[in-house]
>>> print(open('coords00.cif').read())   # mmCIF, C-alpha atoms
data_my_file
loop_
_atom_site.label_atom_id
_atom_site.label_comp_id
_atom_site.auth_asym_id
_atom_site.auth_seq_id
_atom_site.Cartn_x
_atom_site.Cartn_y
_atom_site.Cartn_z
CA MET D 1 30.59 -1.48 29.96
CA ALA D 2 32.31 -2.39 26.68
CA ALA D 3 30.97 -0.61 23.59
CA THR D 4 30.33 -3.97 21.95
CA ALA D 5 28.22 -5.39 24.80
CA PRO D 6 24.62 -6.16 23.90
CA VAL D 7 22.00 -3.55 24.70
CA GLU D 8 19.93 -4.62 27.70
CA GLY D 9 16.96 -6.71 26.60
CA THR D 10 18.42 -7.41 23.15
CA ASN D 11 21.13 -9.48 21.60
CA VAL D 12 22.37 -6.56 19.52
CA PRO D 13 25.72 -5.01 20.47
CA VAL D 14 25.22 -1.33 21.21
CA ASP D 15 27.61 -0.21 18.47
CA GLU D 16 25.52 -2.14 15.91
CA LEU D 17 22.19 -0.67 17.01
CA LYS D 18 20.97 1.48 14.13
CA PRO D 19 19.72 4.91 15.18
CA THR D 20 16.04 5.73 14.78
CA GLY D 21 16.67 8.82 12.65
CA PRO D 22 16.27 7.11 9.27
CA ALA D 23 12.91 5.63 10.28
CA ALA D 24 11.68 9.05 11.38
CA ALA D 25 12.95 10.60 8.15
CA ALA D 26 11.18 8.02 5.97
CA PHE D 27 7.78 8.43 7.60
CA LEU D 28 7.85 12.20 8.02
CA SER D 29 8.94 12.82 4.43
CA GLY D 30 6.05 10.69 3.17
CA ALA D 31 3.61 12.77 5.15
CA LEU D 32 5.15 16.02 3.89
CA GLY D 33 4.81 14.82 0.29
CA LEU D 34 1.12 14.09 0.84
CA LEU D 35 0.55 17.46 2.49
CA ALA D 36 2.17 19.03 -0.58
CA VAL D 37 -0.38 17.20 -2.76
CA GLY D 38 -3.18 18.69 -0.68
CA ILE D 39 -1.74 22.20 -0.76
CA SER D 40 -1.18 22.06 -4.51
CA HIS D 41 -4.77 20.91 -4.95
CA TRP D 42 -5.97 23.90 -2.95
CA ALA D 43 -3.71 26.27 -4.82
CA GLY D 44 -5.06 24.99 -8.13
CA GLU D 45 -8.64 25.52 -6.94
CA VAL D 46 -7.89 29.08 -5.83
CA ALA D 47 -5.81 30.32 -8.75
CA PRO D 48 -6.40 29.32 -12.38
CA GLY D 49 -2.82 30.30 -13.17
CA ILE D 50 -1.55 27.74 -10.69
CA LYS D 51 -3.90 25.15 -12.13
CA ALA D 52 -2.39 25.76 -15.57
CA ALA D 53 1.11 25.59 -14.13
CA LEU D 54 0.32 22.24 -12.52
CA GLN D 55 -0.89 20.95 -15.88
CA ASN D 56 2.33 22.11 -17.52
CA LEU D 57 4.36 20.47 -14.78
CA GLY D 58 2.66 17.14 -15.36
CA ASN D 59 3.09 17.48 -19.11
CA LEU D 60 6.86 17.58 -18.62
CA TRP D 61 7.18 13.91 -17.80
CA ILE D 62 3.88 11.99 -17.47
CA PRO D 63 2.67 10.29 -20.67
CA GLY D 64 -0.90 11.31 -21.40
CA ALA D 65 -0.80 14.06 -18.77
CA GLN D 66 -3.11 16.20 -20.88
CA GLY D 67 -5.77 13.58 -20.38
CA ILE D 68 -5.61 13.64 -16.59
CA GLY D 69 -5.37 17.41 -16.22
CA PRO D 70 -3.72 19.26 -13.32
CA TYR D 71 -3.84 16.04 -11.28
CA SER D 72 -0.60 15.14 -13.04
CA GLY D 73 1.05 18.26 -11.64
CA LYS D 74 -0.26 17.60 -8.13
CA GLU D 75 1.20 14.11 -8.27
CA THR D 76 4.50 15.60 -9.43
CA VAL D 77 4.58 18.11 -6.60
CA GLY D 78 3.89 15.38 -4.07
CA LEU D 79 6.52 13.08 -5.50
CA VAL D 80 9.22 15.76 -5.59
CA VAL D 81 8.51 17.03 -2.08
CA TRP D 82 8.45 13.46 -0.74
CA LEU D 83 11.69 12.32 -2.30
CA VAL D 84 13.65 15.54 -1.76
CA SER D 85 12.55 15.86 1.86
CA TRP D 86 13.42 12.19 2.41
CA ALA D 87 16.92 12.73 1.10
CA VAL D 88 17.39 15.84 3.23
CA LEU D 89 15.91 14.37 6.40
CA HIS D 90 17.74 11.08 6.01
CA TYR D 91 21.05 12.90 5.66
CA ALA D 92 20.28 15.09 8.67
CA LEU D 93 19.02 12.28 10.93
CA ARG D 94 20.98 9.25 9.75
CA LYS D 95 23.20 9.12 12.80
CA LYS D 96 20.74 10.49 15.33
CA GLN D 97 18.77 8.55 17.90
CA VAL D 98 15.47 10.47 17.88
CA ASP D 99 12.28 10.12 19.87
CA LEU D 100 10.19 8.05 17.45
CA GLY D 101 7.09 8.77 19.48
CA ALA D 102 7.35 12.48 18.77
CA TYR D 103 8.01 11.89 15.08
CA GLY D 104 5.17 9.40 14.93
CA ILE D 105 2.77 11.97 16.35
CA ALA D 106 4.04 14.58 13.91
CA PHE D 107 3.51 12.08 11.11
CA LEU D 108 -0.06 11.45 12.22
CA VAL D 109 -0.82 15.17 12.52
CA VAL D 110 0.51 15.94 9.04
CA ILE D 111 -1.27 12.95 7.48
CA GLY D 112 -4.49 13.89 9.24
CA LEU D 113 -4.22 17.47 8.04
CA ALA D 114 -3.51 16.36 4.47
CA THR D 115 -6.51 14.02 4.49
CA THR D 116 -8.82 16.66 5.95
CA ILE D 117 -7.96 19.44 3.51
CA ILE D 118 -8.47 17.04 0.59
CA TRP D 119 -11.94 15.94 1.73
CA PRO D 120 -14.06 17.81 -0.84
CA PRO D 121 -16.78 19.18 1.51
CA VAL D 122 -14.02 20.77 3.61
CA THR D 123 -12.27 22.11 0.52
CA HIS D 124 -15.49 23.51 -0.89
CA PHE D 125 -16.51 25.05 2.43
CA LEU D 126 -13.19 26.73 3.08
CA LEU D 127 -12.96 27.97 -0.50
CA GLY D 128 -16.49 29.35 -0.30
CA LYS D 129 -17.89 27.02 -2.93
CA GLY D 130 -20.71 25.85 -0.65
CA MET L 1 2.85 -51.87 6.86
CA THR L 2 6.07 -51.90 8.87
CA ALA L 3 6.11 -53.35 12.36
CA SER L 4 6.27 -50.61 14.91
CA ALA L 5 8.73 -50.70 17.82
CA PRO L 6 7.16 -51.16 21.24
CA THR L 7 6.26 -47.79 22.72
CA PRO L 8 5.96 -46.94 26.37
CA GLY L 9 2.64 -45.98 27.88
CA GLY L 10 0.50 -48.99 27.22
CA ASP L 11 -1.77 -50.18 24.48
CA GLY L 12 -3.56 -46.82 23.92
CA THR L 13 -0.33 -44.90 23.31
CA ARG L 14 0.97 -47.62 21.02
CA ARG L 15 -2.20 -47.45 18.89
CA LEU L 16 -1.87 -43.65 18.65
CA ALA L 17 1.82 -43.92 17.65
CA ASN L 18 0.95 -46.50 15.00
CA SER L 19 -1.89 -44.38 13.65
CA LEU L 20 0.47 -41.39 13.33
CA ILE L 21 2.87 -43.52 11.31
CA ASN L 22 0.01 -44.65 9.04
CA GLU L 23 -1.57 -41.19 8.51
CA GLY L 24 0.33 -40.86 5.26
CA ASP L 25 1.97 -37.45 4.88
CA ARG L 26 1.54 -36.72 1.19
CA GLY L 27 2.46 -33.04 1.20
CA ASN L 28 4.74 -33.12 -1.83
CA LEU L 29 2.34 -35.29 -3.77
CA TYR L 30 -0.47 -32.82 -3.08
CA LEU L 31 1.66 -29.99 -4.45
CA ILE L 32 2.38 -31.92 -7.61
CA GLY L 33 -1.28 -32.83 -7.94
CA LEU L 34 -2.36 -29.20 -7.53
CA GLY L 35 0.17 -28.14 -10.13
CA VAL L 36 -1.09 -30.72 -12.62
CA LEU L 37 -4.72 -29.73 -12.03
CA ALA L 38 -3.84 -26.04 -12.41
CA ALA L 39 -2.00 -26.71 -15.68
CA ILE L 40 -4.88 -28.77 -17.13
CA GLY L 41 -7.49 -26.27 -15.96
CA GLY L 42 -5.52 -23.29 -17.18
CA PHE L 43 -5.01 -24.87 -20.61
CA LEU L 44 -8.71 -25.74 -20.96
CA PHE L 45 -9.72 -22.25 -19.90
CA LEU L 46 -7.37 -20.52 -22.32
CA ILE L 47 -8.41 -22.56 -25.35
CA SER L 48 -12.15 -22.54 -24.74
CA ALA L 49 -13.19 -19.46 -22.72
CA PRO L 50 -14.61 -16.47 -24.68
CA MET L 51 -12.40 -13.90 -22.94
CA GLN L 52 -13.58 -10.99 -25.07
CA ALA L 53 -17.12 -11.45 -23.74
CA LEU L 54 -15.70 -11.16 -20.23
CA LEU L 55 -13.77 -7.97 -21.01
CA GLY L 56 -16.64 -6.24 -22.78
CA ASP L 57 -16.65 -3.77 -25.67
CA SER L 58 -14.78 -0.87 -24.09
CA ALA L 59 -11.44 0.05 -25.63
CA TRP L 60 -10.22 0.55 -22.08
CA ALA L 61 -11.17 -2.92 -20.91
CA ALA L 62 -7.62 -4.22 -20.68
CA VAL L 63 -6.28 -1.16 -18.82
CA SER L 64 -9.26 -1.20 -16.49
CA GLY L 65 -8.80 -4.92 -15.90
CA LEU L 66 -5.11 -4.51 -15.12
CA HIS L 67 -5.89 -1.67 -12.70
CA GLY L 68 -8.33 -3.94 -10.93
CA LEU L 69 -5.94 -6.90 -10.97
CA ALA L 70 -3.13 -4.83 -9.46
CA ALA L 71 -5.58 -3.55 -6.85
CA GLY L 72 -6.47 -7.15 -6.07
CA VAL L 73 -2.86 -8.03 -5.38
CA PHE L 74 -2.58 -4.82 -3.38
CA MET L 75 -5.59 -5.86 -1.33
CA ILE L 76 -3.93 -9.14 -0.39
CA GLY L 77 -0.78 -7.25 0.61
CA VAL L 78 -2.55 -4.72 2.81
CA THR L 79 -4.68 -7.40 4.45
CA VAL L 80 -1.64 -9.46 5.38
CA GLY L 81 0.01 -6.20 6.42
CA GLY L 82 -2.93 -5.37 8.65
CA TYR L 83 -2.51 -8.68 10.43
CA GLN L 84 1.22 -8.05 10.75
CA ALA L 85 0.41 -4.68 12.29
CA TYR L 86 -1.57 -6.47 14.97
CA ARG L 87 1.31 -8.87 15.62
CA LEU L 88 3.81 -6.03 15.74
CA TYR L 89 1.69 -4.09 18.20
CA ARG L 90 1.20 -7.14 20.40
CA GLY L 91 4.92 -7.92 20.39
CA SER L 92 4.37 -11.35 18.87
CA ALA L 93 7.15 -13.36 17.29
CA LEU L 94 8.05 -11.99 13.87
CA ASN L 95 9.25 -13.56 10.63
CA ILE L 96 11.34 -10.67 9.34
CA GLY L 97 12.07 -12.31 5.98
CA GLU L 98 8.37 -12.75 5.23
CA MET L 99 7.67 -9.19 6.32
CA GLN L 100 10.36 -7.87 4.01
CA ILE L 101 8.93 -9.74 1.04
CA GLY L 102 5.36 -8.80 1.91
CA ALA L 103 6.16 -5.12 2.39
CA THR L 104 8.02 -5.02 -0.93
CA VAL L 105 5.19 -6.73 -2.80
CA THR L 106 2.71 -4.30 -1.25
CA ALA L 107 4.75 -1.25 -2.20
CA VAL L 108 5.21 -2.52 -5.77
CA ALA L 109 1.50 -3.31 -6.03
CA ALA L 110 0.72 0.22 -4.84
CA THR L 111 2.95 1.66 -7.55
CA ILE L 112 1.49 -0.47 -10.34
CA THR L 113 -2.10 0.19 -9.22
CA ILE L 114 -1.48 3.94 -9.22
CA LEU L 115 0.21 3.82 -12.64
CA PHE L 116 -2.71 1.98 -14.22
CA GLY L 117 -5.08 4.23 -12.30
CA ASN L 118 -3.46 7.26 -13.91
CA TRP L 119 -3.93 5.61 -17.28
CA ILE L 120 -7.60 4.73 -16.79
CA TYR L 121 -8.22 8.22 -15.41
CA ILE L 122 -7.78 9.48 -18.97
CA ALA L 123 -10.85 7.48 -19.97
CA TYR L 124 -12.76 8.62 -16.90
CA ARG L 125 -12.17 12.30 -17.76
CA ALA L 126 -12.74 11.93 -21.50
CA THR L 127 -15.65 13.67 -23.19
CA SER L 128 -18.75 11.48 -22.70
CA GLY L 129 -16.82 9.48 -20.10
CA PRO L 130 -18.08 8.70 -16.59
CA ARG L 131 -17.08 12.11 -15.24
CA THR L 132 -19.31 13.90 -17.76
CA TYR L 133 -22.15 11.51 -16.95
CA PHE L 134 -21.82 12.03 -13.20
CA LEU L 135 -21.57 15.82 -13.44
CA GLU L 136 -24.77 15.89 -15.49
CA ASN L 137 -26.74 13.36 -13.47
CA MET L 138 -25.17 12.76 -10.05
CA PRO L 139 -22.60 15.53 -9.43
CA ALA L 140 -21.82 14.43 -5.87
CA ILE L 141 -20.41 11.16 -7.16
CA HIS L 142 -17.62 12.99 -8.98
CA GLU L 143 -17.28 16.18 -6.97
CA ILE L 144 -17.04 14.43 -3.63
CA PHE L 145 -16.40 10.73 -3.92
CA PHE L 146 -14.19 10.47 -6.97
CA GLU L 147 -12.29 13.66 -6.18
CA PHE L 148 -11.52 12.17 -2.74
CA LYS L 149 -10.68 8.72 -4.06
CA GLU L 150 -8.13 9.97 -6.58
CA PHE L 151 -6.09 11.58 -3.81
CA MET L 152 -6.56 8.88 -1.19
CA ALA L 153 -5.00 6.44 -3.66
CA LEU L 154 -1.82 8.51 -3.62
CA PHE L 155 -1.63 8.28 0.18
CA THR L 156 -0.90 4.57 0.03
CA LEU L 157 2.37 4.81 -1.86
CA PRO L 158 4.73 6.83 0.37
CA ILE L 159 3.46 5.10 3.49
CA ALA L 160 3.89 1.64 1.96
CA VAL L 161 7.39 2.52 0.79
CA SER L 162 8.32 3.94 4.21
CA VAL L 163 7.13 0.75 5.90
CA ALA L 164 9.13 -1.42 3.49
CA PHE L 165 12.20 0.75 4.01
CA VAL L 166 12.05 0.47 7.81
CA ILE L 167 11.53 -3.30 7.70
CA TRP L 168 14.49 -3.79 5.35
CA TYR L 169 16.74 -1.21 7.01
CA TYR L 170 16.34 -2.43 10.57
CA GLY L 171 15.70 -6.11 9.82
CA ASP L 172 16.09 -8.32 12.87
CA GLN L 173 16.43 -5.30 15.15
CA LEU L 174 12.68 -4.86 14.83
CA ARG L 175 12.22 -7.83 17.15
CA GLN L 176 13.51 -6.02 20.20
CA ARG L 177 12.73 -2.39 19.50
CA PRO L 178 9.10 -1.56 20.38
CA ALA L 179 9.32 2.02 19.09
CA LEU L 180 10.19 0.81 15.58
CA ARG L 181 7.63 -1.99 15.71
CA ASN L 182 4.87 0.42 16.67
CA LEU L 183 5.82 2.86 13.92
CA VAL L 184 5.71 0.09 11.34
CA ALA L 185 2.38 -1.12 12.76
CA LEU L 186 1.01 2.41 12.42
CA GLY L 187 2.16 2.59 8.81
CA LEU L 188 0.64 -0.79 7.95
CA ALA L 189 -2.66 0.17 9.55
CA LEU L 190 -2.78 3.43 7.60
CA VAL L 191 -1.95 1.77 4.28
CA PHE L 192 -4.84 -0.65 4.95
CA PHE L 193 -7.19 2.25 5.74
CA TYR L 194 -6.30 4.36 2.70
CA PHE L 195 -6.44 1.35 0.42
CA MET L 196 -9.90 0.36 1.67
CA VAL L 197 -11.24 3.89 1.18
CA THR L 198 -9.84 4.00 -2.36
CA PHE L 199 -10.90 0.50 -3.33
CA GLY L 200 -14.38 0.85 -1.85
CA LEU L 201 -15.05 4.14 -3.59
CA GLY L 202 -13.57 2.88 -6.84
CA ALA L 203 -15.71 -0.24 -6.85
CA ALA L 204 -18.86 1.72 -6.00
CA ILE L 205 -18.24 4.38 -8.65
CA THR L 206 -17.39 1.79 -11.32
CA LYS L 207 -20.62 -0.03 -10.49
CA LEU L 208 -22.53 3.20 -11.27
CA ARG L 209 -20.70 3.90 -14.52
CA ALA L 210 -17.67 2.07 -15.91
CA VAL L 211 -15.26 3.45 -18.51
#
>>> encode(input="coords00.cif", output="structure tokens")
Amino acid sequence: MAATAPVEGTNVPVDELKPTGPAAAAFLSGALGLLAVGISHWAGEVAPGIKAALQNLGNLWIPGAQGIGPYSGKETVGLVVWLVSWAVLHYALRKKQVDLGAYGIAFLVVIGLATTIIWPPVTHFLLGKG
Amino acid sequence: MTASAPTPGGDGTRRLANSLINEGDRGNLYLIGLGVLAAIGGFLFLISAPMQALLGDSAWAAVSGLHGLAAGVFMIGVTVGGYQAYRLYRGSALNIGEMQIGATVTAVAATITILFGNWIYIAYRATSGPRTYFLENMPAIHEIFFEFKEFMALFTLPIAVSVAFVIWYYGDQLRQRPALRNLVALGLALVFFYFMVTFGLGAAITKLRAV
């Protein structure tokens, strides 16, 4: 079969079919950034030094960061992890045809974990705050 | 009234054909009429409405209002996106151009809502602001609901951006690739969920104590 023939069931020639890697990279990196937000929130609750460091991180670039406290640093951590991991994953997967189902499940697991550890009753329970 | 050409099918079909001709499609005229009404109404509102009474006395009224306005636009985006998620999952015909525009608007609305949310958060956390009030009178409102809301809001942005990226990057190829369609549908559904949690909690908390 010629390399330019359409893929069965589509009208897209096979050599023009974009691999699924970039889609997987985009979604997974978003989930990793959000997990980083959750972990930084936990770290700030556990260690006052980390809480202060998060505040200082936010102060570096967010106007009025002093007014929103360490939340500014948690946002910063999430943003950096998201964008850096996206760049890395996109470069690694840009030409790869990956199983989107597996990446989709991984995305759901990470998102679910991030949501759960941020739910305050869970946070308080696991940190022993009742 | 112009004379209609004879149509096959007898007298009943001819009457229907004539009535279709005489229905009077005035689509463009309606648009112009709506535009004129909007201009007149907008002008009257701007010159006579006491806007300050609507905003209230708070120094943060404008920022709060813009946060709510951006959230309103965001709500429209995620609602349309939720419907698109259903269509994607069902394998229905897609209008890729509309999806690209909609996904972009939604991602931009998410960004603007979060930016203004950061700004109004300063007022929320200020001494004698709502946070102080809640901690003294109803601690669960801040310690559980607001603490959750402020992070759930952040969840909308990377997912909305990822959805927009995939729709733009793959374009027409979405039509025939179920794996990509389902991933986008998942993302749209999650953006809808996280937005509704954030918006619902924000509205409820603001009802209890506004900045």
>>> interface_residues(input="coords00.cif", of="chain D", to="chain L", cutoff="6 Å", atoms="all atoms listed in the file", output="list in words")
Thr10, Ala23, Ala26, Phe27, Gly30, Gly67, Ile68, Trp119 and Pro120 of chain D
>>> atom_distance(input="coords00.cif", atom1="CA of Ala204 (chain L)", atom2="CA of Val77 (chain D)")
28.6 Å
>>> resolve_selection(input="coords00.cif", expression="the PyMOL selection byres ((chain D and resi 80) around 12)", output="list of chain:residue names")
D:Ser29, D:Gly30, D:Leu32, D:Gly33, D:Leu34, D:Leu35, D:Ala36, D:Val37, D:Leu57, D:Gly58, D:Gly73, D:Lys74, D:Glu75, D:Thr76, D:Val77, D:Gly78, D:Leu79, D:Val81, D:Trp82, D:Leu83, D:Val84, D:Ser85, D:Trp86, D:Ala87, L:Pro158
>>> resolve_selection(input="coords00.cif", expression="the PyMOL selection byres ((chain L and resi 62-64) around 12)", output="PyMOL selection string")
chain L and resi 51-52+54-61+65-71+112-124+202-203+206+210-211
>>> write_last_selection(input="coords00.cif", atoms="C-alpha atoms", output="JSON list (two decimals), keeping the file's coordinate frame")
[["chain", "number", "residue", "atom", "x", "y", "z"],
["L", 51, "MET", "CA", -12.40, -13.90, -22.94],
["L", 52, "GLN", "CA", -13.58, -10.99, -25.07],
["L", 54, "LEU", "CA", -15.70, -11.16, -20.23],
["L", 55, "LEU", "CA", -13.77, -7.97, -21.01],
["L", 56, "GLY", "CA", -16.64, -6.24, -22.78],
["L", 57, "ASP", "CA", -16.65, -3.77, -25.67],
["L", 58, "SER", "CA", -14.78, -0.87, -24.09],
["L", 59, "ALA", "CA", -11.44, 0.05, -25.63],
["L", 60, "TRP", "CA", -10.22, 0.55, -22.08],
["L", 61, "ALA", "CA", -11.17, -2.92, -20.91],
["L", 65, "GLY", "CA", -8.80, -4.92, -15.90],
["L", 66, "LEU", "CA", -5.11, -4.51, -15.12],
["L", 67, "HIS", "CA", -5.89, -1.67, -12.70],
["L", 68, "GLY", "CA", -8.33, -3.94, -10.93],
["L", 69, "LEU", "CA", -5.94, -6.90, -10.97],
["L", 70, "ALA", "CA", -3.13, -4.83, -9.46],
["L", 71, "ALA", "CA", -5.58, -3.55, -6.85],
["L", 112, "ILE", "CA", 1.49, -0.47, -10.34],
["L", 113, "THR", "CA", -2.10, 0.19, -9.22],
["L", 114, "ILE", "CA", -1.48, 3.94, -9.22],
["L", 115, "LEU", "CA", 0.21, 3.82, -12.64],
["L", 116, "PHE", "CA", -2.71, 1.98, -14.22],
["L", 117, "GLY", "CA", -5.08, 4.23, -12.30],
["L", 118, "ASN", "CA", -3.46, 7.26, -13.91],
["L", 119, "TRP", "CA", -3.93, 5.61, -17.28],
["L", 120, "ILE", "CA", -7.60, 4.73, -16.79],
["L", 121, "TYR", "CA", -8.22, 8.22, -15.41],
["L", 122, "ILE", "CA", -7.78, 9.48, -18.97],
["L", 123, "ALA", "CA", -10.85, 7.48, -19.97],
["L", 124, "TYR", "CA", -12.76, 8.62, -16.90],
["L", 202, "GLY", "CA", -13.57, 2.88, -6.84],
["L", 203, "ALA", "CA", -15.71, -0.24, -6.85],
["L", 206, "THR", "CA", -17.39, 1.79, -11.32],
["L", 210, "ALA", "CA", -17.67, 2.07, -15.91],
["L", 211, "VAL", "CA", -15.26, 3.45, -18.51]]
>>> atom_distance(input="coords00.cif", atom1="CA of Ala53 (chain L)", atom2="CA of Thr132 (chain L)")
26.1 Å
>>> closest_residue(input="coords00.cif", among="L:Val78, L:Leu37, L:Ile47, L:Trp168", to="Ile101 (chain L)", atoms="all atoms listed in the file")
L:Trp168
>>> resolve_selection(input="coords00.cif", expression="the PyMOL selection byres ((chain D and resi 43) around 12)", output="list in words")
Ala36, Val37, Gly38, Ile39, Ser40, His41, Trp42, Gly44, Glu45, Val46, Ala47, Pro48, Gly49, Ile50, Lys51, Ala52, Ala53, Leu54, Pro70, Gly73, Lys74, Val77, Ile117, Ile118, Thr123 and Leu127 of chain D
>>> atom_distance(input="coords00.cif", atom1="CA of Arg94 (chain D)", atom2="CA of Gly21 (chain D)")
5.2 Å
>>> closest_residue(input="coords00.cif", among="D:Ala31, D:Leu17, D:Leu100, D:Ala24", to="Leu113 (chain D)", atoms="only C-alpha atoms")
D:Ala31
>>> closest_residue(input="coords00.cif", among="L:Gly81, L:Leu31, L:Ile76, L:Arg209", to="Gly129 (chain L)", atoms="all atoms listed in the file")
L:Arg209
>>> decode(input="coords00.cif", residues="region 98-119 of chain D", atoms="C-alpha atoms", output="PDB file, in the first residue's frame")
ATOM      1  CA  VAL D  98       0.760   6.191  21.876  1.00  0.00           C
ATOM      2  CA  ASP D  99      -2.166   4.356  23.406  1.00  0.00           C
ATOM      3  CA  LEU D 100      -4.410   7.306  24.303  1.00  0.00           C
ATOM      4  CA  GLY D 101      -6.563   5.046  26.435  1.00  0.00           C
ATOM      5  CA  ALA D 102      -3.671   4.326  28.779  1.00  0.00           C
ATOM      6  CA  TYR D 103      -2.698   7.986  28.967  1.00  0.00           C
ATOM      7  CA  GLY D 104      -6.322   8.956  29.499  1.00  0.00           C
ATOM      8  CA  ILE D 105      -6.573   6.594  32.454  1.00  0.00           C
ATOM      9  CA  ALA D 106      -3.311   7.921  33.861  1.00  0.00           C
ATOM     10  CA  PHE D 107      -4.675  11.438  33.464  1.00  0.00           C
ATOM     11  CA  LEU D 108      -7.847  10.517  35.347  1.00  0.00           C
ATOM     12  CA  VAL D 109      -5.910   8.817  38.151  1.00  0.00           C
ATOM     13  CA  VAL D 110      -3.599  11.808  38.651  1.00  0.00           C
ATOM     14  CA  ILE D 111      -6.468  14.307  38.500  1.00  0.00           C
ATOM     15  CA  GLY D 112      -8.484  12.212  40.934  1.00  0.00           C
ATOM     16  CA  LEU D 113      -5.559  11.989  43.321  1.00  0.00           C
ATOM     17  CA  ALA D 114      -4.935  15.732  43.120  1.00  0.00           C
ATOM     18  CA  THR D 115      -8.597  16.485  43.817  1.00  0.00           C
ATOM     19  CA  THR D 116      -8.748  14.063  46.735  1.00  0.00           C
ATOM     20  CA  ILE D 117      -5.660  15.321  48.552  1.00  0.00           C
ATOM     21  CA  ILE D 118      -6.915  18.904  48.234  1.00  0.00           C
ATOM     22  CA  TRP D 119     -10.335  18.138  49.732  1.00  0.00           C
TER      23      TRP D 119
END
